[in-house]
>>> print(open('model-v2.csv').read())   # CSV, C-alpha atoms and all ligand atoms
chain,number,residue,atom,x,y,z
A,1,MET,CA,0.0,0.0,0.0
A,2,LYS,CA,2.9,2.2,0.8
A,3,ASP,CA,4.2,1.8,-2.8
A,4,LYS,CA,0.7,2.7,-4.2
A,5,ILE,CA,0.7,5.9,-2.2
A,6,ASN,CA,4.2,6.9,-3.3
A,7,GLU,CA,3.4,6.0,-6.9
A,8,LEU,CA,0.3,8.1,-6.9
A,9,LEU,CA,2.0,11.0,-5.2
A,10,GLU,CA,4.6,11.0,-7.9
A,11,ARG,CA,2.0,11.1,-10.6
A,12,VAL,CA,0.3,14.0,-8.9
A,13,GLU,CA,3.5,16.0,-8.8
A,14,ASN,CA,4.5,15.3,-12.4
A,15,PHE,CA,1.1,15.9,-13.9
A,16,ARG,CA,1.4,18.4,-16.9
A,17,PRO,CA,-2.0,18.9,-18.7
A,18,LYS,CA,-1.9,19.6,-22.4
A,19,ALA,CA,-5.4,21.1,-22.4
A,20,VAL,CA,-7.6,22.8,-19.8
A,21,ALA,CA,-10.0,19.9,-19.9
A,22,GLU,CA,-7.4,17.4,-18.7
A,23,ILE,CA,-7.3,19.2,-15.3
A,24,GLU,CA,-10.8,18.2,-14.5
A,25,ASP,CA,-10.3,14.7,-15.8
A,26,PHE,CA,-7.3,14.5,-13.5
A,27,ARG,CA,-9.3,15.7,-10.5
A,28,VAL,CA,-12.0,13.2,-11.1
A,29,ARG,CA,-9.6,10.3,-11.7
A,30,ILE,CA,-7.7,11.0,-8.4
A,31,LEU,CA,-10.0,12.8,-6.0
A,32,GLY,CA,-13.5,11.8,-7.4
A,33,ARG,CA,-15.8,9.4,-5.6
A,34,LYS,CA,-14.6,6.5,-7.7
A,35,GLY,CA,-11.1,7.9,-7.9
A,36,GLU,CA,-7.8,6.3,-7.0
A,37,LEU,CA,-7.4,8.2,-3.7
A,38,THR,CA,-10.9,7.2,-2.6
A,39,ALA,CA,-10.0,3.5,-3.4
A,40,LEU,CA,-6.9,3.9,-1.3
A,41,MET,CA,-9.0,5.3,1.6
A,42,GLU,CA,-11.2,2.1,1.3
A,43,GLU,CA,-8.1,0.0,1.5
A,44,PHE,CA,-6.8,1.9,4.5
A,45,LYS,CA,-9.8,0.6,6.5
A,46,SER,CA,-8.2,-2.9,6.5
A,47,VAL,CA,-4.7,-1.8,7.4
A,48,ALA,CA,-3.2,-3.3,10.6
A,49,PRO,CA,-3.9,-1.0,13.6
A,50,GLU,CA,-0.2,-0.4,14.3
A,51,LEU,CA,0.3,1.0,10.7
A,52,LYS,CA,-2.8,3.2,10.7
A,53,ARG,CA,-1.1,6.2,12.0
A,54,GLU,CA,1.7,6.2,9.5
A,55,PHE,CA,-0.5,5.4,6.5
A,56,GLY,CA,-3.2,7.9,7.6
A,57,GLN,CA,-0.7,10.7,7.6
A,58,LYS,CA,0.6,9.7,4.2
A,59,LEU,CA,-2.9,9.5,2.7
A,60,ASN,CA,-3.8,12.9,4.1
A,61,GLU,CA,-0.6,14.4,2.7
A,62,LEU,CA,-1.4,12.8,-0.7
A,63,LYS,CA,-4.9,14.3,-0.7
A,64,ARG,CA,-3.6,17.8,0.3
A,65,ARG,CA,-1.0,17.7,-2.4
A,66,ALA,CA,-3.5,16.6,-5.1
A,67,GLN,CA,-5.9,19.3,-4.2
A,68,GLU,CA,-3.2,22.0,-4.2
A,69,ARG,CA,-2.0,20.7,-7.6
A,70,VAL,CA,-5.4,20.9,-9.2
A,71,ALA,CA,-6.0,24.5,-7.7
A,72,ALA,CA,-2.6,25.6,-9.0
A,73,LEU,CA,-3.2,24.2,-12.5
A,74,ARG,CA,-6.6,25.8,-12.7
A,75,ALA,CA,-5.2,29.3,-11.8
A,76,GLU,CA,-2.5,28.9,-14.3
A,77,ALA,CA,-5.0,28.0,-17.1
A,78,GLU,CA,-7.2,31.0,-16.2
A,79,GLN,CA,-4.3,33.4,-16.4
A,80,ALA,CA,-3.2,32.1,-19.7
A,81,ALA,CA,-6.7,32.3,-21.1
A,82,GLY,CA,-7.0,36.0,-19.9
A,83,GLU,CA,-3.7,36.9,-21.7
A,84,ALA,CA,-4.7,35.2,-24.9
A,85,SER,CA,-8.1,36.9,-25.0
A,86,SER,CA,-6.5,40.3,-24.5
A,87,GLN,CA,-4.1,39.6,-27.4
A,88,ILE,CA,-6.5,38.2,-29.9
A,89,ALA,CA,-9.7,39.9,-28.8
A,90,ASP,CA,-12.5,39.9,-31.2
A,91,MET,CA,-11.2,40.0,-34.7
A,92,SER,CA,-14.5,41.3,-36.0
A,93,ARG,CA,-14.5,44.4,-33.8
A,94,PRO,CA,-14.0,47.8,-35.5
A,95,GLY,CA,-10.4,49.0,-35.0
A,96,SER,CA,-9.6,52.0,-32.9
A,97,GLU,CA,-9.2,55.2,-35.0
A,98,GLU,CA,-5.7,56.4,-35.5
A,99,GLU,CA,-5.2,60.2,-35.9
A,100,LEU,CA,-3.5,60.7,-39.3
A,101,GLY,CA,-0.8,63.3,-39.2
A,102,SER,CA,0.1,65.5,-42.2
A,103,ARG,CA,2.8,67.7,-43.5
A,104,HIS,CA,2.4,71.4,-43.4
A,105,PRO,CA,1.4,72.7,-46.9
A,106,ILE,CA,4.5,74.9,-46.9
A,107,SER,CA,6.6,71.8,-46.4
A,108,LEU,CA,4.7,70.0,-49.1
A,109,VAL,CA,5.2,72.6,-51.7
A,110,ARG,CA,8.9,73.3,-50.7
A,111,ASN,CA,9.6,69.5,-51.0
A,112,GLN,CA,7.9,69.4,-54.4
A,113,ILE,CA,9.9,72.4,-55.7
A,114,VAL,CA,13.2,71.0,-54.4
A,115,GLU,CA,12.3,67.7,-56.0
A,116,VAL,CA,11.6,69.3,-59.4
A,117,PHE,CA,15.0,71.1,-59.4
A,118,ALA,CA,16.8,68.0,-58.1
A,119,ARG,CA,15.7,66.3,-61.4
A,120,LEU,CA,17.5,69.1,-63.2
A,121,GLY,CA,20.7,68.4,-61.2
A,122,TYR,CA,20.4,71.0,-58.5
A,123,THR,CA,21.5,70.2,-55.0
A,124,VAL,CA,20.2,71.8,-51.8
A,125,ALA,CA,22.4,74.4,-50.1
A,126,ASP,CA,21.7,75.8,-46.6
A,127,GLY,CA,23.0,78.8,-44.7
A,128,PRO,CA,22.4,80.8,-41.5
A,129,GLU,CA,19.3,82.9,-40.8
A,130,ILE,CA,21.3,85.4,-38.8
A,131,GLU,CA,23.5,87.1,-41.4
A,132,ASP,CA,25.9,90.0,-41.9
A,133,ASP,CA,25.5,92.9,-44.3
A,134,TRP,CA,28.0,91.5,-46.8
A,135,HIS,CA,26.2,88.2,-47.5
A,136,VAL,CA,22.7,89.8,-47.6
A,137,PHE,CA,23.4,93.1,-49.4
A,138,SER,CA,26.9,94.2,-50.3
A,139,ALA,CA,28.0,91.1,-52.2
A,140,LEU,CA,24.7,91.2,-54.0
A,141,ASN,CA,25.4,94.6,-55.5
A,142,PHE,CA,22.9,96.5,-53.3
A,143,PRO,CA,24.0,100.2,-53.3
A,144,PRO,CA,24.7,101.6,-49.8
A,145,GLU,CA,21.6,103.8,-50.0
A,146,HIS,CA,19.2,101.0,-51.1
A,147,PRO,CA,15.9,101.1,-49.2
A,148,ALA,CA,16.0,97.3,-48.4
A,149,ARG,CA,18.9,98.1,-46.0
A,150,ASP,CA,16.6,100.4,-44.1
A,151,MET,CA,15.3,99.6,-40.7
A,152,GLN,CA,11.8,99.7,-42.3
A,153,ASP,CA,12.6,96.5,-44.2
A,154,THR,CA,15.3,94.7,-42.3
A,155,PHE,CA,15.3,93.3,-38.8
A,156,PHE,CA,18.6,94.1,-37.2
A,157,ILE,CA,19.8,92.3,-34.1
A,158,GLY,CA,20.8,94.8,-31.4
A,159,LYS,CA,22.6,98.0,-32.3
A,160,ASN,CA,25.2,96.5,-34.6
A,161,PRO,CA,24.1,97.2,-38.2
A,162,ASP,CA,26.2,94.2,-39.3
A,163,VAL,CA,24.1,91.6,-37.5
A,164,LEU,CA,20.7,91.1,-39.1
A,165,LEU,CA,18.1,88.5,-40.1
A,166,ARG,CA,18.4,87.6,-43.8
A,167,THR,CA,15.7,89.2,-46.0
A,168,HIS,CA,16.2,86.7,-48.7
A,169,THR,CA,18.0,83.4,-49.2
A,170,SER,CA,20.3,84.9,-51.8
A,171,SER,CA,22.8,85.0,-48.9
A,172,ILE,CA,23.1,81.3,-49.3
A,173,GLN,CA,24.0,81.7,-52.9
A,174,VAL,CA,26.7,84.2,-52.0
A,175,ARG,CA,28.1,81.7,-49.4
A,176,THR,CA,28.0,78.9,-52.1
A,177,MET,CA,29.9,81.0,-54.6
A,178,GLU,CA,32.5,82.0,-52.1
A,179,ARG,CA,33.1,78.3,-51.2
A,180,GLN,CA,32.9,76.7,-54.6
A,181,GLN,CA,34.0,77.4,-58.2
A,182,PRO,CA,31.6,76.7,-61.1
A,183,PRO,CA,29.9,74.6,-62.3
A,184,ILE,CA,27.4,75.6,-59.5
A,185,ARG,CA,23.8,74.4,-59.5
A,186,VAL,CA,22.1,74.9,-56.1
A,187,ILE,CA,18.7,75.4,-54.8
A,188,CYS,CA,18.4,77.3,-51.5
A,189,PRO,CA,15.2,76.9,-49.5
A,190,GLY,CA,14.8,78.7,-46.2
A,191,ARG,CA,13.0,81.2,-43.9
A,192,VAL,CA,13.4,84.9,-44.5
A,193,PHE,CA,12.5,87.9,-42.4
A,194,ARG,CA,11.2,91.3,-43.4
A,195,ASN,CA,9.8,94.1,-41.3
A,196,GLU,CA,6.4,94.1,-43.0
A,197,ALA,CA,2.9,94.6,-41.6
A,198,ILE,CA,1.1,91.3,-41.4
A,199,SER,CA,-1.9,91.0,-43.8
A,200,TYR,CA,-3.6,88.5,-46.1
A,201,ARG,CA,-0.7,88.8,-48.6
A,202,ALA,CA,2.3,89.7,-46.5
A,203,HIS,CA,4.0,88.3,-43.3
A,204,CYS,CA,7.2,89.2,-41.5
A,205,ILE,CA,8.4,85.6,-41.8
A,206,PHE,CA,8.0,83.7,-44.9
A,207,HIS,CA,9.8,81.0,-47.0
A,208,GLN,CA,11.8,81.4,-50.1
A,209,ILE,CA,13.4,79.1,-52.6
A,210,GLU,CA,16.2,80.6,-54.7
A,211,GLY,CA,18.2,78.8,-57.4
A,212,LEU,CA,21.5,79.5,-58.9
A,213,TYR,CA,23.2,78.1,-62.0
A,214,ILE,CA,26.7,79.2,-63.0
A,215,ASP,CA,28.9,77.6,-65.7
A,216,GLU,CA,30.5,78.5,-68.9
A,217,GLY,CA,28.1,79.7,-71.6
A,218,VAL,CA,24.9,79.7,-69.5
A,219,SER,CA,22.4,81.9,-71.3
A,220,PHE,CA,19.0,83.5,-70.8
A,221,ALA,CA,17.5,80.8,-72.9
A,222,ASP,CA,18.7,78.2,-70.5
A,223,MET,CA,17.0,80.1,-67.7
A,224,LYS,CA,13.7,80.3,-69.5
A,225,GLN,CA,13.7,76.6,-70.4
A,226,SER,CA,14.5,75.7,-66.8
A,227,ILE,CA,11.7,77.9,-65.4
A,228,LEU,CA,9.2,76.6,-68.0
A,229,TYR,CA,10.0,73.0,-67.0
A,230,PHE,CA,9.5,74.0,-63.3
A,231,ALA,CA,6.1,75.7,-64.0
A,232,LYS,CA,4.8,72.7,-66.0
A,233,GLU,CA,5.8,70.3,-63.2
A,234,ILE,CA,4.2,72.4,-60.5
A,235,PHE,CA,1.1,73.8,-62.2
A,236,GLY,CA,0.4,71.2,-64.9
A,237,GLU,CA,1.5,70.3,-68.4
A,238,GLU,CA,-0.8,73.0,-70.1
A,239,THR,CA,1.0,75.8,-68.2
A,240,THR,CA,2.8,78.5,-70.2
A,241,ILE,CA,5.0,81.3,-68.9
A,242,ARG,CA,5.8,84.9,-69.8
A,243,MET,CA,8.6,87.1,-68.7
A,244,ARG,CA,8.3,90.9,-68.0
A,245,PRO,CA,11.4,93.1,-67.6
A,246,SER,CA,12.2,94.0,-64.0
A,247,TYR,CA,15.0,95.2,-61.8
A,248,PHE,CA,17.0,93.5,-59.0
A,249,PRO,CA,20.4,94.7,-57.9
A,250,PHE,CA,22.0,91.3,-58.3
A,251,THR,CA,20.8,90.4,-61.8
A,252,GLU,CA,21.1,92.0,-65.2
A,253,PRO,CA,18.9,91.7,-67.2
A,254,SER,CA,16.1,90.8,-64.7
A,255,ALA,CA,12.6,89.6,-65.2
A,256,GLU,CA,9.4,88.8,-63.4
A,257,VAL,CA,7.9,85.4,-64.3
A,258,ASP,CA,4.1,84.9,-64.7
A,259,VAL,CA,2.4,81.5,-65.3
A,260,SER,CA,-0.8,81.1,-67.1
A,261,CYS,CA,-3.7,81.0,-64.6
A,262,ASN,CA,-4.5,77.3,-64.0
A,263,LEU,CA,-7.9,78.2,-62.6
A,264,CYS,CA,-9.4,79.9,-65.7
A,265,GLY,CA,-7.1,78.6,-68.3
A,266,GLY,CA,-6.0,82.1,-69.2
A,267,LYS,CA,-9.5,83.5,-69.8
A,268,GLY,CA,-9.4,85.7,-66.7
A,269,CYS,CA,-10.9,85.2,-63.3
A,270,ASN,CA,-10.8,86.9,-59.9
A,271,VAL,CA,-7.6,85.1,-58.8
A,272,CYS,CA,-5.6,86.3,-61.7
A,273,LYS,CA,-7.6,89.6,-61.6
A,274,GLY,CA,-8.9,89.1,-65.1
A,275,THR,CA,-5.4,89.0,-66.7
A,276,GLY,CA,-5.1,85.3,-67.2
A,277,TRP,CA,-1.6,85.4,-65.6
A,278,LEU,CA,-0.2,84.8,-62.1
A,279,GLU,CA,3.1,86.2,-60.9
A,280,ILE,CA,5.3,83.4,-59.4
A,281,MET,CA,8.9,84.5,-59.2
A,282,GLY,CA,11.8,86.9,-60.1
A,283,CYS,CA,14.8,85.9,-62.1
A,284,GLY,CA,17.7,87.2,-64.1
A,285,MET,CA,21.3,86.7,-65.3
A,286,VAL,CA,23.7,87.1,-62.4
A,287,ASP,CA,25.3,90.5,-62.5
A,288,PRO,CA,29.0,90.3,-63.2
A,289,ASN,CA,29.6,92.5,-60.2
A,290,VAL,CA,28.1,89.7,-58.0
A,291,LEU,CA,30.3,87.0,-59.6
A,292,GLU,CA,33.4,89.1,-59.1
A,293,ALA,CA,32.5,90.0,-55.5
A,294,CYS,CA,32.3,86.2,-54.8
A,295,GLY,CA,35.6,85.4,-56.4
A,296,ILE,CA,34.2,84.0,-59.7
A,297,ASP,CA,35.7,85.1,-63.1
A,298,SER,CA,32.8,86.9,-64.8
A,299,LYS,CA,34.6,86.8,-68.2
A,300,ARG,CA,34.7,83.1,-68.2
A,301,TYR,CA,31.5,82.2,-66.4
A,302,SER,CA,27.9,83.4,-66.6
A,303,GLY,CA,24.8,82.2,-64.8
A,304,PHE,CA,21.2,82.8,-63.8
A,305,ALA,CA,19.4,83.1,-60.5
A,306,PHE,CA,15.7,82.9,-59.6
A,307,GLY,CA,13.7,83.2,-56.4
A,308,MET,CA,10.2,82.6,-55.3
A,309,GLY,CA,8.1,82.7,-52.2
A,310,VAL,CA,6.9,79.2,-51.1
A,311,GLU,CA,3.7,80.7,-49.6
A,312,ARG,CA,2.9,82.3,-52.9
A,313,ILE,CA,3.3,79.1,-54.8
A,314,ALA,CA,1.3,77.2,-52.2
A,315,MET,CA,-1.5,79.8,-52.3
A,316,LEU,CA,-1.7,79.5,-56.1
A,317,LYS,CA,-1.5,75.7,-56.1
A,318,TYR,CA,-4.1,75.1,-53.4
A,319,GLY,CA,-6.2,78.2,-54.0
A,320,VAL,CA,-5.6,79.6,-50.5
A,321,ARG,CA,-6.6,83.3,-50.3
A,322,ASP,CA,-5.1,84.4,-47.0
A,323,LEU,CA,-1.4,83.9,-46.3
A,324,ARG,CA,-1.9,84.1,-42.5
A,325,LEU,CA,-3.6,80.7,-42.6
A,326,TYR,CA,-0.2,79.1,-43.0
A,327,PHE,CA,1.0,80.5,-39.7
A,328,GLU,CA,-2.0,80.0,-37.4
A,329,ASN,CA,-1.7,76.2,-36.9
A,330,ASP,CA,-5.5,75.8,-37.1
A,331,VAL,CA,-6.1,72.1,-37.5
A,332,ARG,CA,-9.2,72.7,-39.5
A,333,PHE,CA,-7.0,74.3,-42.2
A,334,LEU,CA,-4.1,71.8,-41.8
A,335,ARG,CA,-6.4,68.7,-42.0
A,336,GLN,CA,-7.3,69.6,-45.6
A,337,PHE,CA,-3.7,68.5,-46.5
A,338,GLU,CA,-3.9,65.1,-44.7
A,339,SER,CA,-4.2,63.1,-47.9
A,340,ALA,CA,-1.3,64.8,-49.6
A,341,LEU,CA,2.0,63.0,-49.3
B,1,ZN,ZN,-7.5,83.2,-63.8
>>> encode(input="model-v2.csv", output="structure tokens")
Amino acid sequence: MKDKINELLERVENFRPKAVAEIEDFRVRILGRKGELTALMEEFKSVAPELKREFGQKLNELKRRAQERVAALRAEAEQAAGEASSQIADMSRPGSEEELGSRHPISLVRNQIVEVFARLGYTVADGPEIEDDWHVFSALNFPPEHPARDMQDTFFIGKNPDVLLRTHTSSIQVRTMERQQPPIRVICPGRVFRNEAISYRAHCIFHQIEGLYIDEGVSFADMKQSILYFAKEIFGEETTIRMRPSYFPFTEPSAEVDVSCNLCGGKGCNVCKGTGWLEIMGCGMVDPNVLEACGIDSKRYSGFAFGMGVERIAMLKYGVRDLRLYFENDVRFLRQFESAL
């Protein structure tokens, strides 16, 4: 009988169920009314009186261990079931809604413009927002009395007139020319700062993209073709451009570029103010004085530069009427760009 008790005790200790149902089977087989332990209890009745004490203790011990084992296995199975249900859950339940983030429209348009020029072989150049007079004005052929240097237009930092916030990203072009000999083909995106009253069409901070191409024999025709390619890529294949004579200190000759209005197809509407044309950028052949100021031989090299406001392009592309919307971080405005990549 002693062997039977030990053998059963061993089986209780080593029992490892493969399924939850086996735990109940096990309980019934050992502890049930017709179970093995109950059979041993019956057998115990006929044990010699002098052995009753020892066997009695052993049987009680076996019963306790078997009950503990069943309780422990049940708890384990319940915990595992809980974890599994939280992992798998109900596969047919609707998912929780994820908030979809989006790029700011200014970033979207800047990236598109950079990407178009990257296809033409332009690389992106960067420069500081806090500049000096040389890189923003003097090297770019601004005469000393030019109004852009005035406090009215430029933010100076402190009392030193040589520390200022750049008013255009042309300063990056100057830094590029100082660093590098032609061929140069760079695109310079960045924030610029002007002391202007904030309105639906002007802001004191805005974003520019300027481009510069310098090599031997670069002509006005090259510039026109590059800008036409850009206009078609951004505003659509049907887009045409026209150039009007203009003036900038750093280019000669200079021009303003208009694109055909993509809203009315050139017939005239309230966005293009009935003209059929939309102004998008300024451009021109780099003034030889600028090349020389930056250490580039103006007799050997020529080039063109162009610059545009990213806000302006984004307004035309998306039909936004008020520039201030770009700066207010109103999610009702920004959500409209969610689907754009
Ligand atoms: Zn129009």
>>> residues_near_ligand(input="model-v2.csv", ligand="ligand ZN 1 (chain B)", cutoff="6 Å", atoms="all atoms listed in the file", output="PDB file with C-alpha atoms, keeping the file's coordinate frame")
ATOM      1  CA  CYS A 261      -3.700  81.000 -64.600  1.00  0.00           C
ATOM      2  CA  LEU A 263      -7.900  78.200 -62.600  1.00  0.00           C
ATOM      3  CA  CYS A 264      -9.400  79.900 -65.700  1.00  0.00           C
ATOM      4  CA  GLY A 266      -6.000  82.100 -69.200  1.00  0.00           C
ATOM      5  CA  GLY A 268      -9.400  85.700 -66.700  1.00  0.00           C
ATOM      6  CA  CYS A 269     -10.900  85.200 -63.300  1.00  0.00           C
ATOM      7  CA  VAL A 271      -7.600  85.100 -58.800  1.00  0.00           C
ATOM      8  CA  CYS A 272      -5.600  86.300 -61.700  1.00  0.00           C
ATOM      9  CA  GLY A 276      -5.100  85.300 -67.200  1.00  0.00           C
TER      10      GLY A 276
END
>>> residues_around(input="model-v2.csv", residues="Arg321 of chain A", least_positions_apart="6", cutoff="12 Å", atoms="all atoms listed in the file", output="PyMOL selection string")
chain A and resi 199-202+270-272+311-315
>>> closest_residue(input="model-v2.csv", among="A:Glu50, A:Glu210, A:Glu10, A:Asp25", to="Arg185 of chain A", atoms="only C-alpha atoms")
A:Glu210
>>> closest_residue(input="model-v2.csv", among="A:Ile205, A:Leu31, A:Ile157, A:Ala197", to="Glu131 of chain A", atoms="only C-alpha atoms")
A:Ile157
>>> atom_distance(input="model-v2.csv", atom1="atom CA of Gln180 of chain A", atom2="atom CA of Pro143 of chain A")
25.2 Å
>>> residues_around(input="model-v2.csv", residues="Val12 of chain A", least_positions_apart="2", cutoff="9 Å", atoms="all atoms listed in the file", output="mmCIF file with C-alpha atoms, in the coordinates of the input")
data_model
loop_
_atom_site.group_PDB
_atom_site.id
_atom_site.type_symbol
_atom_site.label_atom_id
_atom_site.label_comp_id
_atom_site.auth_asym_id
_atom_site.auth_seq_id
_atom_site.Cartn_x
_atom_site.Cartn_y
_atom_site.Cartn_z
ATOM 1 C CA GLU A 7 3.400 6.000 -6.900
ATOM 2 C CA LEU A 8 0.300 8.100 -6.900
ATOM 3 C CA LEU A 9 2.000 11.000 -5.200
ATOM 4 C CA GLU A 10 4.600 11.000 -7.900
ATOM 5 C CA ASN A 14 4.500 15.300 -12.400
ATOM 6 C CA PHE A 15 1.100 15.900 -13.900
ATOM 7 C CA PHE A 26 -7.300 14.500 -13.500
ATOM 8 C CA ILE A 30 -7.700 11.000 -8.400
ATOM 9 C CA LEU A 62 -1.400 12.800 -0.700
ATOM 10 C CA ARG A 65 -1.000 17.700 -2.400
ATOM 11 C CA ALA A 66 -3.500 16.600 -5.100
ATOM 12 C CA ARG A 69 -2.000 20.700 -7.600
ATOM 13 C CA VAL A 70 -5.400 20.900 -9.200
#
>>> closest_atom_pairs(input="model-v2.csv", of="segment 102-179 of chain A", to="segment 246-249 of chain A", cutoff="8 Å", atoms="all atoms listed in the file", output="Markdown table")
| residue | atom | partner | partner_atom | distance |
| --- | --- | --- | --- | --- |
| A:Leu140 | CA | A:Pro249 | CA | 6.8 |
| A:Asn141 | CA | A:Pro249 | CA | 5.5 |
| A:Phe142 | CA | A:Pro249 | CA | 5.5 |
>>> closest_residue(input="model-v2.csv", among="A:Glu145, A:Phe206, A:Ala72, A:Gly190", to="Tyr326 of chain A", atoms="only C-alpha atoms")
A:Phe206
>>> atom_distance(input="model-v2.csv", atom1="atom CA of Pro161 of chain A", atom2="atom CA of Trp134 of chain A")
11.0 Å
>>> atom_distance(input="model-v2.csv", atom1="atom CA of Asp330 of chain A", atom2="atom CA of His168 of chain A")
26.9 Å
>>> closest_residue(input="model-v2.csv", among="A:Ala48, A:Ala71, A:Ala139, A:Val28", to="Asn289 of chain A", atoms="only C-alpha atoms")
A:Ala139
>>> residues_around(input="model-v2.csv", residues="His207 of chain A", least_positions_apart="5", cutoff="6 Å", atoms="all atoms listed in the file", output="ChimeraX atom specification")
/A:190-192,309-310
>>> build_atoms(input="model-v2.csv", residues="segment 206-220 of chain A", atoms="N, CA, C and O atoms", output="PDB file, keeping the file's coordinate frame")
ATOM      1  N   PHE A 206       8.565  84.527 -43.899  1.00  0.00           N
ATOM      2  CA  PHE A 206       8.000  83.700 -44.900  1.00  0.00           C
ATOM      3  C   PHE A 206       9.165  82.793 -45.508  1.00  0.00           C
ATOM      4  O   PHE A 206      10.298  82.848 -45.030  1.00  0.00           O
ATOM      5  N   HIS A 207       8.829  81.951 -46.465  1.00  0.00           N
ATOM      6  CA  HIS A 207       9.800  81.000 -47.000  1.00  0.00           C
ATOM      7  C   HIS A 207      10.108  81.244 -48.435  1.00  0.00           C
ATOM      8  O   HIS A 207       9.204  81.470 -49.232  1.00  0.00           O
ATOM      9  N   GLN A 208      11.384  81.214 -48.733  1.00  0.00           N
ATOM     10  CA  GLN A 208      11.800  81.400 -50.100  1.00  0.00           C
ATOM     11  C   GLN A 208      12.532  80.190 -50.617  1.00  0.00           C
ATOM     12  O   GLN A 208      13.088  79.421 -49.842  1.00  0.00           O
ATOM     13  N   ILE A 209      12.522  80.065 -51.924  1.00  0.00           N
ATOM     14  CA  ILE A 209      13.400  79.100 -52.600  1.00  0.00           C
ATOM     15  C   ILE A 209      14.131  79.884 -53.680  1.00  0.00           C
ATOM     16  O   ILE A 209      13.471  80.466 -54.549  1.00  0.00           O
ATOM     17  N   GLU A 210      15.432  79.929 -53.603  1.00  0.00           N
ATOM     18  CA  GLU A 210      16.200  80.600 -54.700  1.00  0.00           C
ATOM     19  C   GLU A 210      17.040  79.521 -55.343  1.00  0.00           C
ATOM     20  O   GLU A 210      17.458  78.547 -54.726  1.00  0.00           O
ATOM     21  N   GLY A 211      17.306  79.753 -56.620  1.00  0.00           N
ATOM     22  CA  GLY A 211      18.200  78.800 -57.400  1.00  0.00           C
ATOM     23  C   GLY A 211      19.274  79.585 -58.052  1.00  0.00           C
ATOM     24  O   GLY A 211      19.138  80.785 -58.356  1.00  0.00           O
ATOM     25  N   LEU A 212      20.367  78.895 -58.266  1.00  0.00           N
ATOM     26  CA  LEU A 212      21.500  79.500 -58.900  1.00  0.00           C
ATOM     27  C   LEU A 212      22.210  78.503 -59.804  1.00  0.00           C
ATOM     28  O   LEU A 212      22.449  77.363 -59.397  1.00  0.00           O
ATOM     29  N   TYR A 213      22.485  78.940 -61.023  1.00  0.00           N
ATOM     30  CA  TYR A 213      23.200  78.100 -62.000  1.00  0.00           C
ATOM     31  C   TYR A 213      24.290  78.852 -62.625  1.00  0.00           C
ATOM     32  O   TYR A 213      24.017  79.843 -63.309  1.00  0.00           O
ATOM     33  N   ILE A 214      25.513  78.458 -62.412  1.00  0.00           N
ATOM     34  CA  ILE A 214      26.700  79.200 -63.000  1.00  0.00           C
ATOM     35  C   ILE A 214      27.579  78.159 -63.668  1.00  0.00           C
ATOM     36  O   ILE A 214      27.952  77.143 -63.072  1.00  0.00           O
ATOM     37  N   ASP A 215      27.902  78.463 -64.910  1.00  0.00           N
ATOM     38  CA  ASP A 215      28.900  77.600 -65.700  1.00  0.00           C
ATOM     39  C   ASP A 215      29.311  78.427 -66.858  1.00  0.00           C
ATOM     40  O   ASP A 215      28.880  79.559 -67.061  1.00  0.00           O
ATOM     41  N   GLU A 216      30.145  77.827 -67.693  1.00  0.00           N
ATOM     42  CA  GLU A 216      30.500  78.500 -68.900  1.00  0.00           C
ATOM     43  C   GLU A 216      29.369  78.507 -69.885  1.00  0.00           C
ATOM     44  O   GLU A 216      28.713  77.478 -70.083  1.00  0.00           O
ATOM     45  N   GLY A 217      29.091  79.656 -70.492  1.00  0.00           N
ATOM     46  CA  GLY A 217      28.100  79.700 -71.600  1.00  0.00           C
ATOM     47  C   GLY A 217      26.650  79.536 -71.143  1.00  0.00           C
ATOM     48  O   GLY A 217      25.815  79.118 -71.949  1.00  0.00           O
ATOM     49  N   VAL A 218      26.314  79.830 -69.905  1.00  0.00           N
ATOM     50  CA  VAL A 218      24.900  79.700 -69.500  1.00  0.00           C
ATOM     51  C   VAL A 218      24.164  80.971 -70.004  1.00  0.00           C
ATOM     52  O   VAL A 218      24.634  82.104 -69.838  1.00  0.00           O
ATOM     53  N   SER A 219      23.041  80.760 -70.663  1.00  0.00           N
ATOM     54  CA  SER A 219      22.400  81.900 -71.300  1.00  0.00           C
ATOM     55  C   SER A 219      20.956  82.109 -70.742  1.00  0.00           C
ATOM     56  O   SER A 219      20.440  81.297 -69.976  1.00  0.00           O
ATOM     57  N   PHE A 220      20.357  83.217 -71.168  1.00  0.00           N
ATOM     58  CA  PHE A 220      19.000  83.500 -70.800  1.00  0.00           C
ATOM     59  C   PHE A 220      18.019  82.447 -71.249  1.00  0.00           C
ATOM     60  O   PHE A 220      17.049  82.122 -70.568  1.00  0.00           O
TER      61      PHE A 220
END
